[in-house]
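Quick notes on the structure that follows.
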Amino acid sequence: KDIENRTDIILLVDRFYSKVQDDQTIGPIFTHVAHVDWSHHLPKMYDFWESILFGKAIYKGNPMLTHFTLNDKAPLKTEEFNTWKTIFYEVVDELFVGENAETIKQKAQSIADLMHFKINSPKSNINIV
């Protein structure tokens, strides 16, 4: 079935982060670098993805700022972003099929690619006189 409501979002997010924690590439970033408090993080991610997929303005936060800070502690490069996207797509495909499933994968790719670009874009060294 397709992603239809918050219950489906919760299932997706819970399964995704369960796999993330077990992943050798990005799991340590969440557990040993960011020291994620899952009881706090997961509900924020439910709100985030429900906002993204269903247009509900319930998410409060600044994911870019959070990831810039995290990048200062552990560089978030192409491998990390590709691993994140691969796990996300796999979980969506394991659980759902349909228009919303495809949309959430496209949104995830756009968000991850933009975040990767902003975090890893070359900094300008031009001095304006």
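All residue names refer to the structure tokens as shown: chains lettered A, B, ... in order, residues numbered from 1 in each chain, ligands numbered from 1 in order.
The residue set within 12 Å of Glu99 in chain A, counting only C-alpha atoms and dropping same-chain residues fewer than 4 places from it, reads Lys1, Asp2, Ile3, Glu4, Leu53, Val92, Asp93, Thr103, Ile104, Lys105 and Gln106 of chain A.
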For the interface of range 76-129 of chain A with range 56-68 of chain A (cut-off 12 Å, counting only C-alpha atoms), please tabulate each contacting residue of range 76-129 of chain A alongside its nearest pair of atoms and their separation in Å to one decimal, rows sorted by chain and increasing number, as CSV.
```
residue,atom,partner,partner_atom,distance
A:Leu76,CA,A:His67,CA,8.4
A:Lys77,CA,A:His67,CA,11.6
A:Phe81,CA,A:His67,CA,11.5
A:Ile111,CA,A:Met64,CA,9.8
A:Ala112,CA,A:Met64,CA,10.3
A:Asp113,CA,A:Met64,CA,12.0
A:Leu114,CA,A:Met64,CA,9.6
A:Met115,CA,A:Met64,CA,6.8
A:His116,CA,A:His67,CA,9.5
A:Phe117,CA,A:Met64,CA,11.1
A:Lys118,CA,A:Met64,CA,8.5
A:Ile119,CA,A:Phe68,CA,6.4
A:Asn120,CA,A:Phe68,CA,9.7
A:Ser121,CA,A:Phe68,CA,11.9
```
> For Met45 in chain A, which residue out of A:Trp84, A:Phe96, A:Tyr17, A:Tyr89 is the nearest one, using only C-alpha atoms?
Replying inline: A:Tyr17
Find the residues around Ile9 in chain A up to 9 Å (only C-alpha atoms counted), leave out those fewer than 4 positions away in its own chain, and share them as a PDB file with N, CA, C and O atoms, in the first residue's frame.
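Contents of result.pdb, as written:
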```
ATOM      1  N   ILE A   3       1.916   5.268   1.209  1.00  0.00           N
ATOM      2  CA  ILE A   3       2.002   6.046   2.452  1.00  0.00           C
ATOM      3  C   ILE A   3       0.759   6.923   2.501  1.00  0.00           C
ATOM      4  O   ILE A   3       0.561   7.768   1.625  1.00  0.00           O
ATOM      5  N   GLU A   4      -0.059   6.720   3.533  1.00  0.00           N
ATOM      6  CA  GLU A   4      -1.355   7.392   3.576  1.00  0.00           C
ATOM      7  C   GLU A   4      -1.524   8.361   4.743  1.00  0.00           C
ATOM      8  O   GLU A   4      -2.371   9.249   4.683  1.00  0.00           O
ATOM      9  N   ASN A   5      -0.755   8.185   5.825  1.00  0.00           N
ATOM     10  CA  ASN A   5      -1.019   8.981   7.019  1.00  0.00           C
ATOM     11  C   ASN A   5       0.198   8.968   7.954  1.00  0.00           C
ATOM     12  O   ASN A   5       1.229   8.379   7.640  1.00  0.00           O
ATOM     13  N   VAL A  13       9.808   5.910   9.366  1.00  0.00           N
ATOM     14  CA  VAL A  13      10.891   6.560  10.116  1.00  0.00           C
ATOM     15  C   VAL A  13      11.516   5.594  11.125  1.00  0.00           C
ATOM     16  O   VAL A  13      12.747   5.513  11.231  1.00  0.00           O
ATOM     17  N   ASP A  14      10.698   4.862  11.846  1.00  0.00           N
ATOM     18  CA  ASP A  14      11.232   3.910  12.830  1.00  0.00           C
ATOM     19  C   ASP A  14      12.093   2.840  12.165  1.00  0.00           C
ATOM     20  O   ASP A  14      13.184   2.518  12.638  1.00  0.00           O
ATOM     21  N   MET A  45      11.312  13.729  13.560  1.00  0.00           N
ATOM     22  CA  MET A  45      11.359  13.211  12.195  1.00  0.00           C
ATOM     23  C   MET A  45       9.968  12.821  11.689  1.00  0.00           C
ATOM     24  O   MET A  45       9.672  12.970  10.509  1.00  0.00           O
ATOM     25  N   TYR A  46       9.107  12.362  12.589  1.00  0.00           N
ATOM     26  CA  TYR A  46       7.721  12.101  12.182  1.00  0.00           C
ATOM     27  C   TYR A  46       7.098  13.404  11.688  1.00  0.00           C
ATOM     28  O   TYR A  46       6.463  13.441  10.635  1.00  0.00           O
ATOM     29  N   ASP A  47       7.279  14.476  12.473  1.00  0.00           N
ATOM     30  CA  ASP A  47       6.736  15.785  12.091  1.00  0.00           C
ATOM     31  C   ASP A  47       7.360  16.282  10.787  1.00  0.00           C
ATOM     32  O   ASP A  47       6.665  16.813   9.918  1.00  0.00           O
ATOM     33  N   TRP A  49       8.760  14.596   8.212  1.00  0.00           N
ATOM     34  CA  TRP A  49       8.315  13.899   7.003  1.00  0.00           C
ATOM     35  C   TRP A  49       6.825  14.063   6.759  1.00  0.00           C
ATOM     36  O   TRP A  49       6.384  14.098   5.600  1.00  0.00           O
ATOM     37  N   GLU A  50       6.036  14.187   7.805  1.00  0.00           N
ATOM     38  CA  GLU A  50       4.615  14.461   7.611  1.00  0.00           C
ATOM     39  C   GLU A  50       4.436  15.844   6.987  1.00  0.00           C
ATOM     40  O   GLU A  50       3.599  16.038   6.098  1.00  0.00           O
TER      41      GLU A  50
END
```
> Which parts of range 15-82 of chain A does DSSP call helix (DSSP H, G or I) when run on the backbone here, written out as a ChimeraX atom specification?
Replying inline: /A:15-22,27-33,38-54,63-73,78-82
Since we have the selection now, will you write its residues out, keeping N, CA and C atoms, as a compact mmCIF listing (two decimals), in the first residue's frame?
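The result, stored in selection04.txt:
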```txt
# COMPACT_ATOMS: atom_id res chain seq x y z
N ARG A 15 11.61 2.28 11.07
CA ARG A 15 12.36 1.24 10.36
C ARG A 15 13.65 1.82 9.78
N PHE A 16 13.55 3.02 9.22
CA PHE A 16 14.72 3.67 8.63
C PHE A 16 15.81 3.89 9.67
N TYR A 17 15.47 4.48 10.81
CA TYR A 17 16.49 4.78 11.81
C TYR A 17 17.00 3.53 12.51
N SER A 18 16.20 2.47 12.55
CA SER A 18 16.69 1.20 13.05
C SER A 18 17.82 0.69 12.16
N LYS A 19 17.62 0.79 10.85
CA LYS A 19 18.66 0.36 9.90
C LYS A 19 19.87 1.31 9.94
N VAL A 20 19.61 2.59 10.10
CA VAL A 20 20.70 3.57 10.18
C VAL A 20 21.62 3.24 11.35
N GLN A 21 21.03 2.94 12.49
CA GLN A 21 21.84 2.65 13.68
C GLN A 21 22.74 1.43 13.47
N ASP A 22 22.32 0.49 12.64
CA ASP A 22 23.10 -0.72 12.38
C ASP A 22 24.12 -0.55 11.25
N GLY A 27 25.89 4.88 10.94
CA GLY A 27 25.44 4.57 12.30
C GLY A 27 26.28 5.24 13.37
N PRO A 28 27.62 5.15 13.28
CA PRO A 28 28.45 5.78 14.30
C PRO A 28 28.29 7.30 14.38
N ILE A 29 27.93 7.93 13.28
CA ILE A 29 27.72 9.38 13.31
C ILE A 29 26.54 9.71 14.21
N PHE A 30 25.49 8.92 14.10
CA PHE A 30 24.30 9.15 14.92
C PHE A 30 24.55 8.78 16.38
N THR A 31 25.22 7.66 16.61
CA THR A 31 25.35 7.16 17.98
C THR A 31 26.55 7.73 18.73
N HIS A 32 27.70 7.84 18.06
CA HIS A 32 28.93 8.23 18.77
C HIS A 32 29.33 9.68 18.58
N VAL A 33 28.87 10.31 17.50
CA VAL A 33 29.23 11.71 17.25
C VAL A 33 28.09 12.63 17.68
N TRP A 38 17.10 9.28 20.80
CA TRP A 38 16.07 8.79 19.88
C TRP A 38 14.67 9.16 20.33
N SER A 39 14.43 9.24 21.63
CA SER A 39 13.10 9.59 22.12
C SER A 39 12.73 11.03 21.75
N HIS A 40 13.73 11.86 21.51
CA HIS A 40 13.51 13.24 21.08
C HIS A 40 13.55 13.35 19.55
N HIS A 41 14.50 12.63 18.93
CA HIS A 41 14.74 12.76 17.50
C HIS A 41 13.60 12.16 16.66
N LEU A 42 13.14 10.98 17.01
CA LEU A 42 12.13 10.31 16.19
C LEU A 42 10.83 11.11 16.04
N PRO A 43 10.26 11.63 17.14
CA PRO A 43 9.04 12.45 16.95
C PRO A 43 9.27 13.68 16.07
N LYS A 44 10.47 14.27 16.14
CA LYS A 44 10.78 15.40 15.25
C LYS A 44 10.80 14.94 13.79
N MET A 45 11.31 13.73 13.56
CA MET A 45 11.36 13.21 12.20
C MET A 45 9.97 12.82 11.69
N TYR A 46 9.11 12.36 12.59
CA TYR A 46 7.72 12.10 12.18
C TYR A 46 7.10 13.40 11.69
N ASP A 47 7.28 14.48 12.47
CA ASP A 47 6.74 15.79 12.09
C ASP A 47 7.36 16.28 10.79
N PHE A 48 8.68 16.12 10.66
CA PHE A 48 9.38 16.58 9.46
C PHE A 48 8.82 15.93 8.22
N TRP A 49 8.76 14.60 8.21
CA TRP A 49 8.31 13.90 7.00
C TRP A 49 6.82 14.06 6.76
N GLU A 50 6.04 14.19 7.81
CA GLU A 50 4.61 14.46 7.61
C GLU A 50 4.44 15.84 6.99
N SER A 51 5.24 16.81 7.42
CA SER A 51 5.21 18.15 6.83
C SER A 51 5.63 18.11 5.36
N ILE A 52 6.70 17.39 5.09
CA ILE A 52 7.23 17.31 3.72
C ILE A 52 6.25 16.62 2.78
N LEU A 53 5.71 15.49 3.20
CA LEU A 53 4.87 14.70 2.30
C LEU A 53 3.43 15.20 2.20
N PHE A 54 2.87 15.61 3.33
CA PHE A 54 1.46 15.97 3.36
C PHE A 54 1.21 17.47 3.50
N PRO A 63 17.02 21.94 10.10
CA PRO A 63 17.89 20.80 9.81
C PRO A 63 19.24 21.21 9.22
N MET A 64 19.29 22.28 8.45
CA MET A 64 20.58 22.70 7.88
C MET A 64 21.55 23.08 8.98
N LEU A 65 21.13 23.89 9.92
CA LEU A 65 22.00 24.31 11.02
C LEU A 65 22.49 23.10 11.80
N THR A 66 21.60 22.18 12.09
CA THR A 66 21.96 20.97 12.82
C THR A 66 23.04 20.19 12.07
N HIS A 67 22.90 20.06 10.77
CA HIS A 67 23.86 19.28 9.99
C HIS A 67 25.18 20.02 9.76
N PHE A 68 25.13 21.35 9.70
CA PHE A 68 26.38 22.12 9.65
C PHE A 68 27.19 21.89 10.92
N THR A 69 26.53 21.93 12.06
CA THR A 69 27.19 21.69 13.34
C THR A 69 27.74 20.27 13.40
N LEU A 70 26.98 19.32 12.96
CA LEU A 70 27.42 17.92 12.94
C LEU A 70 28.63 17.75 12.02
N ASN A 71 28.61 18.41 10.87
CA ASN A 71 29.71 18.33 9.91
C ASN A 71 31.02 18.84 10.52
N ASP A 72 30.94 19.77 11.45
CA ASP A 72 32.14 20.27 12.13
C ASP A 72 32.78 19.17 12.98
N LYS A 73 31.99 18.22 13.43
CA LYS A 73 32.49 17.13 14.28
C LYS A 73 32.89 15.90 13.46
N THR A 78 30.12 12.69 0.36
CA THR A 78 29.28 11.96 -0.59
C THR A 78 28.91 10.58 -0.08
N GLU A 79 29.87 9.85 0.47
CA GLU A 79 29.59 8.47 0.93
C GLU A 79 28.49 8.45 1.99
N GLU A 80 28.56 9.38 2.93
CA GLU A 80 27.56 9.42 4.00
C GLU A 80 26.17 9.76 3.44
N PHE A 81 26.10 10.74 2.56
CA PHE A 81 24.81 11.10 1.98
C PHE A 81 24.26 9.99 1.10
N ASN A 82 25.12 9.34 0.32
CA ASN A 82 24.65 8.23 -0.52
C ASN A 82 24.16 7.06 0.32
```
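CA of Pro75 in chain A sits 26.3 Å away from CA of Leu12 in chain A.
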> Which value, in Å to one decimal, gives the distance between CA of Gly98 in chain A and CA of Thr25 in chain A?
Replying inline: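 Spanning CA of Gly98 in chain A to CA of Thr25 in chain A is a straight-line distance of 29.3 Å.
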> To one decimal place, how far is CA of Pro122 in chain A from CA of Thr86 in chain A in Å?
Replying inline: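 About the pair CA of Pro122 in chain A and CA of Thr86 in chain A: they are 25.3 Å apart.
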